[in-house]
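Q: Here you go, this is data-v9.txt (compact mmCIF, C-alpha atoms and all ligand atoms).
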# COMPACT_ATOMS: atom_id res chain seq x y z
CA MET A 1 9.71 13.74 22.14
CA ASP A 2 8.53 17.26 21.32
CA PHE A 3 4.86 17.71 20.49
CA ASP A 4 3.67 18.93 17.09
CA ARG A 5 0.67 18.42 14.86
CA ALA A 6 2.60 17.90 11.62
CA LEU A 7 1.46 14.84 9.71
CA LYS A 8 3.43 11.74 10.72
CA ILE A 9 3.49 8.38 8.92
CA ALA A 10 3.92 5.35 11.17
CA PRO A 11 4.39 2.10 9.23
CA SER A 12 3.19 -0.99 11.08
CA ILE A 13 5.82 -3.73 11.03
CA LEU A 14 2.94 -6.22 11.15
CA SER A 15 3.09 -6.03 7.34
CA SER A 16 6.89 -6.34 7.10
CA ASP A 17 9.07 -9.43 6.61
CA PHE A 18 9.13 -11.04 10.07
CA ALA A 19 12.44 -12.75 9.29
CA ASN A 20 14.09 -9.39 8.66
CA PHE A 21 12.84 -6.79 11.16
CA GLY A 22 16.13 -4.94 11.55
CA LYS A 23 16.62 -4.32 7.83
CA GLU A 24 12.92 -3.57 7.28
CA ILE A 25 12.98 -0.87 9.98
CA GLU A 26 16.18 0.64 8.62
CA ALA A 27 14.60 0.68 5.14
CA ILE A 28 11.38 2.46 6.12
CA GLU A 29 13.27 5.02 8.20
CA ALA A 30 15.69 5.70 5.33
CA GLN A 31 12.64 6.11 3.09
CA GLY A 32 11.17 8.84 5.27
CA CYS A 33 8.77 7.40 7.83
CA ASP A 34 8.32 9.36 11.08
CA TRP A 35 7.45 6.70 13.66
CA VAL A 36 7.62 2.88 13.75
CA HIS A 37 4.36 1.21 14.88
CA VAL A 38 4.59 -2.14 16.71
CA ASP A 39 1.36 -4.14 17.06
CA VAL A 40 1.33 -6.31 20.18
CA MET A 41 -1.50 -8.90 20.20
CA ASP A 42 -2.31 -11.53 22.83
CA GLY A 43 -4.69 -14.00 21.14
CA HIS A 44 -7.30 -13.07 23.78
CA PHE A 45 -8.20 -9.39 23.47
CA VAL A 46 -7.75 -9.83 19.72
CA PRO A 47 -7.74 -13.08 17.71
CA ASN A 48 -4.05 -12.96 16.78
CA LEU A 49 -0.68 -13.29 18.54
CA THR A 50 2.41 -11.24 17.77
CA PHE A 51 5.31 -9.66 19.65
CA GLY A 52 6.52 -9.90 23.25
CA PRO A 53 8.90 -7.58 25.12
CA PRO A 54 12.16 -9.38 24.13
CA LEU A 55 11.34 -8.93 20.45
CA CYS A 56 10.52 -5.25 21.04
CA ALA A 57 13.87 -4.80 22.82
CA ALA A 58 15.67 -6.46 19.91
CA ILE A 59 14.09 -4.25 17.25
CA ARG A 60 14.49 -1.10 19.38
CA LYS A 61 18.20 -1.13 18.49
CA HIS A 62 17.26 -0.52 14.85
CA ILE A 63 14.77 2.33 15.48
CA LYS A 64 16.18 5.85 15.29
CA THR A 65 12.79 7.62 15.21
CA VAL A 66 9.94 6.84 17.61
CA MET A 67 8.93 3.40 18.83
CA ASP A 68 5.13 3.43 18.97
CA VAL A 69 3.87 0.32 20.78
CA HIS A 70 0.17 -0.56 20.39
CA LEU A 71 -0.89 -3.01 23.07
CA MET A 72 -3.90 -5.10 22.02
CA ILE A 73 -3.75 -7.14 25.21
CA SER A 74 -5.93 -7.66 28.27
CA PRO A 75 -5.21 -7.41 31.12
CA VAL A 76 -2.60 -4.81 30.28
CA ASP A 77 -1.24 -3.20 33.47
CA ALA A 78 1.06 -6.08 34.43
CA HIS A 79 2.90 -5.80 31.11
CA ILE A 80 3.48 -2.06 30.86
CA GLN A 81 6.84 -2.01 32.59
CA ALA A 82 8.22 -4.73 30.31
CA TYR A 83 7.35 -2.76 27.16
CA ALA A 84 8.73 0.44 28.67
CA ASP A 85 11.96 -1.39 29.54
CA ALA A 86 12.06 -2.69 25.96
CA GLY A 87 12.38 0.93 24.85
CA ALA A 88 8.91 2.09 23.85
CA ASP A 89 8.52 5.86 23.45
CA VAL A 90 4.73 5.68 23.19
CA ILE A 91 2.61 2.94 24.76
CA THR A 92 -1.04 2.75 23.75
CA ALA A 93 -3.59 0.59 25.55
CA HIS A 94 -7.25 0.00 24.66
CA ILE A 95 -10.06 1.52 26.71
CA GLU A 96 -11.96 -1.75 26.13
CA ALA A 97 -9.12 -3.80 27.66
CA GLY A 98 -10.19 -3.33 31.25
CA PRO A 99 -12.14 -1.22 33.72
CA HIS A 100 -9.23 0.90 34.99
CA SER A 101 -7.95 2.88 32.03
CA HIS A 102 -7.18 5.90 34.21
CA ARG A 103 -4.78 3.81 36.27
CA THR A 104 -3.31 2.33 33.08
CA MET A 105 -2.52 5.79 31.70
CA GLN A 106 -0.92 6.77 35.02
CA ALA A 107 1.19 3.62 34.93
CA ILE A 108 2.42 4.31 31.40
CA ARG A 109 3.41 7.88 32.27
CA ALA A 110 5.07 6.69 35.48
CA GLU A 111 7.40 4.62 33.27
CA GLY A 112 8.42 7.80 31.43
CA CYS A 113 6.53 6.92 28.23
CA LYS A 114 3.89 8.88 26.34
CA ALA A 115 0.46 7.42 27.15
CA GLY A 116 -1.98 6.51 24.40
CA ILE A 117 -5.59 5.36 24.63
CA ALA A 118 -7.09 3.40 21.72
CA LEU A 119 -10.79 3.19 20.82
CA ASN A 120 -12.31 0.30 18.89
CA PRO A 121 -14.75 1.21 16.11
CA ALA A 122 -17.81 0.59 18.33
CA THR A 123 -16.54 2.78 21.20
CA PRO A 124 -17.83 6.37 21.29
CA ALA A 125 -15.53 9.41 21.42
CA GLY A 126 -17.11 10.50 24.71
CA SER A 127 -15.78 7.42 26.50
CA ILE A 128 -12.43 9.14 27.01
CA GLU A 129 -13.75 12.52 28.18
CA TYR A 130 -12.36 12.04 31.68
CA LEU A 131 -9.02 10.76 30.44
CA LEU A 132 -8.10 13.77 28.34
CA ASP A 133 -5.76 15.24 30.94
CA MET A 134 -4.05 11.86 31.33
CA VAL A 135 -3.17 11.05 27.72
CA ASP A 136 -0.65 12.12 25.09
CA LEU A 137 -2.30 10.28 22.17
CA VAL A 138 -5.73 9.02 21.17
CA CYS A 139 -5.74 6.16 18.66
CA VAL A 140 -8.88 5.79 16.58
CA MET A 141 -9.17 2.25 15.23
CA THR A 142 -10.55 2.43 11.71
CA VAL A 143 -10.67 -1.38 11.50
CA ASN A 144 -11.45 -3.98 14.15
CA PRO A 145 -8.05 -4.70 15.69
CA GLY A 146 -6.27 -7.98 15.06
CA PHE A 147 -5.13 -8.04 11.46
CA GLY A 148 -3.52 -5.89 8.80
CA GLY A 149 -5.01 -5.40 5.37
CA GLN A 150 -8.64 -4.82 6.40
CA LYS A 151 -11.05 -2.28 4.92
CA PHE A 152 -11.30 1.23 6.39
CA ILE A 153 -14.51 1.83 8.38
CA TYR A 154 -15.76 5.21 7.16
CA SER A 155 -18.05 5.93 10.13
CA GLN A 156 -14.91 6.62 12.17
CA VAL A 157 -14.15 9.88 10.36
CA GLU A 158 -16.94 11.57 12.30
CA LYS A 159 -15.38 10.26 15.52
CA VAL A 160 -12.08 11.91 14.59
CA HIS A 161 -13.90 15.24 14.13
CA SER A 162 -15.52 14.88 17.57
CA LEU A 163 -12.22 14.00 19.25
CA ARG A 164 -10.43 16.90 17.61
CA ALA A 165 -13.06 19.28 19.05
CA MET A 166 -12.85 17.63 22.50
CA ILE A 167 -9.05 17.88 22.55
CA GLY A 168 -8.96 21.62 21.81
CA ASP A 169 -5.55 23.08 22.64
CA ARG A 170 -4.29 20.09 24.61
CA PRO A 171 -1.03 18.60 23.28
CA ILE A 172 -2.62 15.27 22.32
CA HIS A 173 -1.89 13.41 19.08
CA ILE A 174 -4.76 11.84 17.14
CA GLU A 175 -3.54 8.60 15.57
CA ILE A 176 -5.49 6.59 13.00
CA ASP A 177 -4.93 2.87 12.74
CA GLY A 178 -6.30 0.59 10.02
CA GLY A 179 -7.04 0.76 6.33
CA ILE A 180 -5.00 3.91 5.67
CA THR A 181 -4.26 4.37 1.96
CA PRO A 182 -3.65 7.43 -0.25
CA GLU A 183 -7.47 7.47 -0.68
CA THR A 184 -8.49 7.33 3.01
CA ALA A 185 -5.63 9.39 4.48
CA PRO A 186 -6.98 12.79 3.31
CA LEU A 187 -10.31 12.15 5.07
CA VAL A 188 -8.76 11.62 8.50
CA ALA A 189 -6.08 14.28 8.05
CA ALA A 190 -8.79 16.84 7.25
CA ALA A 191 -10.73 15.68 10.32
CA GLY A 192 -7.75 16.45 12.56
CA ALA A 193 -5.54 13.37 12.71
CA ASP A 194 -1.76 13.86 12.79
CA VAL A 195 -0.35 10.29 13.07
CA LEU A 196 -1.31 7.82 10.34
CA VAL A 197 -0.46 4.16 10.93
CA ALA A 198 -0.16 2.23 7.69
CA GLY A 199 0.83 -1.40 7.30
CA SER A 200 -0.11 -2.96 3.99
CA SER A 201 -0.13 0.32 2.05
CA VAL A 202 3.51 1.08 3.05
CA PHE A 203 5.03 -2.38 2.58
CA LYS A 204 3.01 -3.29 -0.56
CA GLY A 205 5.22 -4.07 -3.54
CA GLY A 206 8.55 -3.32 -1.83
CA SER A 207 11.27 -5.24 0.01
CA VAL A 208 14.59 -4.55 1.71
CA ASP A 209 16.16 -5.11 -1.73
CA ASN A 210 13.73 -2.67 -3.33
CA PRO A 211 13.13 -0.07 -0.61
CA ALA A 212 12.38 2.79 -3.03
CA VAL A 213 8.85 1.35 -3.27
CA TYR A 214 8.42 1.99 0.47
CA GLY A 215 9.44 5.60 -0.13
CA ASN A 216 6.93 6.01 -2.95
CA ASN A 217 4.19 4.46 -0.81
CA ILE A 218 5.00 6.73 2.16
CA ARG A 219 5.01 9.83 -0.06
CA ALA A 220 1.68 8.82 -1.62
CA ILE A 221 0.07 8.71 1.84
CA ARG A 222 1.81 11.91 2.94
CA ALA A 223 0.61 13.71 -0.22
CA THR A 224 -2.65 14.06 1.64
CA GLU A 225 -1.06 16.93 3.60
CA GLY A 226 -2.69 20.17 2.62
CA VAL A 227 -5.56 18.45 0.75
C1 LIG A 301 -4.58 -3.77 13.41
C2 LIG A 301 -3.29 -3.08 13.72
C3 LIG A 301 -2.84 -2.15 12.66
C4 LIG A 301 -2.56 -2.81 11.35
C5 LIG A 301 -2.75 -1.81 10.26
O1 LIG A 301 -5.00 -4.49 14.50
O2 LIG A 301 -3.40 -2.34 14.92
O3 LIG A 301 -1.72 -1.39 13.09
O4 LIG A 301 -1.30 -3.37 11.26
O5 LIG A 301 -2.60 -2.47 9.04
P1 LIG A 301 -3.22 -1.89 7.70
O6 LIG A 301 -2.60 -0.55 7.49
O7 LIG A 301 -2.83 -2.91 6.70
O8 LIG A 301 -4.70 -1.79 7.90
ZN ZN A 302 -1.79 -0.84 15.50
Reformat the file's structure so that it appears as structure tokens.
A:
Amino acid sequence: MDFDRALKIAPSILSSDFANFGKEIEAIEAQGCDWVHVDVMDGHFVPNLTFGPPLCAAIRKHIKTVMDVHLMISPVDAHIQAYADAGADVITAHIEAGPHSHRTMQAIRAEGCKAGIALNPATPAGSIEYLLDMVDLVCVMTVNPGFGGQKFIYSQVEKVHSLRAMIGDRPIHIEIDGGITPETAPLVAAAGADVLVAGSSVFKGGSVDNPAVYGNNIRAIRATEGV
């Protein structure tokens, strides 16, 4: 994976048809998405349960772009190898998920994956100051994690600005996760984000039999570029 700051759209398959992951992934990639975002939830760190490593390995076969795995689980370290073996390109863990985030980032990189650190809405930008040389991606949660389709929390735009300044020239992606729509995307793109996760606003109105809607939705979010 080469680094660049071009705007990337990463649909979350949390909003796709769970009975049809392979075809859904092929549809969003054919319609121009850049990464595929996989939301892993444990029913403990967040109040919802989703995908384990075998499911990630099964869908990996359908992903030609980048498999972006967002771990909303605690404890996390014991599970990193399984998600790396399942084929993740990027593994993101939450700074709130345990006291040893530095070790977690080391463990992700040791598996040959890009290491991401996610911040919940209540967590300040400064909390990752001493992790900046350990990470390849910072994920700013713009909703409380656990569910798709929630409302964007506007106070997080200021956090994106702060993180962009902290990151400077380092090759670190800023990813935004939650409530991204054609209306909210320009705010975070202007603040310095380059990866926009979008679940409901990509899959809304489309299906594997009508994938052109996914393409229109992706382009509407991407239209933010240059705003
Ligand atoms: C929330 C997940 C998000 C979610 C985004 O816990 O991490 O990736 O699927 O969904 P939307 O775009 O619908 O807010
Ligand atoms: Zn996510």
Q: So the first atom is CA of Gly206 (chain A) and the second is CA of Ile176 (chain A); what is the distance between them in Å, to one decimal place?
A: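 Between these atoms lies a distance of 22.7 Å.
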Q: Write out as JSON, numbers by chain each polymer residue (protein, DNA or RNA) that has an atom no more than 9 Å from ligand ZN 302 (chain A), with all atoms listed in the file counted.
A: {"A": [12, 14, 37, 38, 39, 40, 68, 69, 70, 71, 72, 139, 141, 145, 146, 147, 148, 176, 177, 178, 197, 198, 199]}
Q: Using only C-alpha atoms, which protein or nucleic acid residues come within 6 Å of Asp34 (chain A)? Drop anything in the same chain fewer than 3 positions from it, and give the result as an MDAnalysis selection string.
A: chainID A and resid 8:10
Q: Within 12 Å of Asp17 (chain A), counting only C-alpha atoms, which residues qualify if same-chain residues fewer than 6 places away don't, as a list in words?
A: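 Surrounding residues, per the criterion: Lys23, Glu24, Ile25, Ala27, Gly199, Ser200, Phe203, Lys204, Gly206, Ser207, Val208 and Asp209 of chain A.
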Q: One decimal, Å: what's the distance from CA of Gly205 (chain A) over to CA of Phe51 (chain A), could you say?
A: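 These two atoms are separated by 23.9 Å.
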Q: Which one is closest to ligand LIG 301 (chain A): A:Gln81, A:Thr181, A:Thr104, A:Thr123? Count all atoms listed in the file.
A: A:Thr181
Q: Which of these, A:Asn217, A:Asn210, A:Thr65, A:Asn144, has the shortest distance to Pro47 (chain A) once you count all atoms listed in the file?
A: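 Checking each of A:Asn217, A:Asn210, A:Thr65, A:Asn144 against Pro47 (chain A), counting all atoms listed in the file, the winner is A:Asn144.
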Q: Give me, please, the distance in Å between CA of Asp194 (chain A) and CA of His100 (chain A), quoted to one decimal.
A: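 One can read the CA of Asp194 (chain A) to CA of His100 (chain A) distance as 26.8 Å.
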Q: Between A:Ala6, A:Met1, A:Ala110, A:Ile117, which has the minimum distance to Ala189 (chain A) (counting only C-alpha atoms)?
A: A:Ala6
Q: Which residue gives the smallest distance to ligand LIG 301 (chain A) among A:Glu158, A:Asp2, A:Asp42, A:Glu26, with all atoms listed in the file counted?
A: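 Among A:Glu158, A:Asp2, A:Asp42, A:Glu26, it is A:Asp42 that comes nearest to ligand LIG 301 (chain A).
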Q: Of the candidates A:Ala19, A:Ala122, A:Cys113, A:Met134, which one gets nearest to Ser101 (chain A) if we count all atoms listed in the file?
A: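 Distance minimum relative to Ser101 (chain A) lands on A:Met134.
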Q: Residues within 10 Å of Ile63 (chain A), please, as a list in words. Count only C-alpha atoms; anything in the same chain fewer than 5 positions from it doesn't count.
A: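 Close residues of Ile63 (chain A): Gly22, Ile25, Glu26, Ile28, Glu29, Trp35, Val36, Ala58 and Gly87 of chain A.
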Q: For ligand LIG 301 (chain A), which of A:Leu49, A:Ile59, A:Ile172, A:Val213 is the closest residue, counting all atoms listed in the file?
A: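 The answer is A:Leu49, which sits nearest to ligand LIG 301 (chain A).
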Q: Pick out the residues sitting within 8 Å of Leu7 (chain A), and hand them over as a list in words; count only C-alpha atoms, and ignore anything fewer than 4 positions along from it in its own chain.
A: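 Listing them by chain and then by number gives Ala189, Ala193, Asp194, Val195, Leu196, Arg222 and Glu225 of chain A.
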Q: I want to know what sits within 8 Å of Leu119 (chain A), based on all atoms listed in the file, with residues of the same chain fewer than 4 positions away left out; could you give that as a ChimeraX atom specification?
A: /A:94-96,123-125,138-141
Q: With 3 Å of padding per side, what axis-aligned box (centre and edge lengths, Å, one decimal) covers all the listed atoms of region 37-52 of chain A? Give it as lines of an AutoDock Vina configuration file.
A:
center_x = -0.8
center_y = -6.4
center_z = 19.3
size_x = 20.7
size_y = 21.2
size_z = 14.9
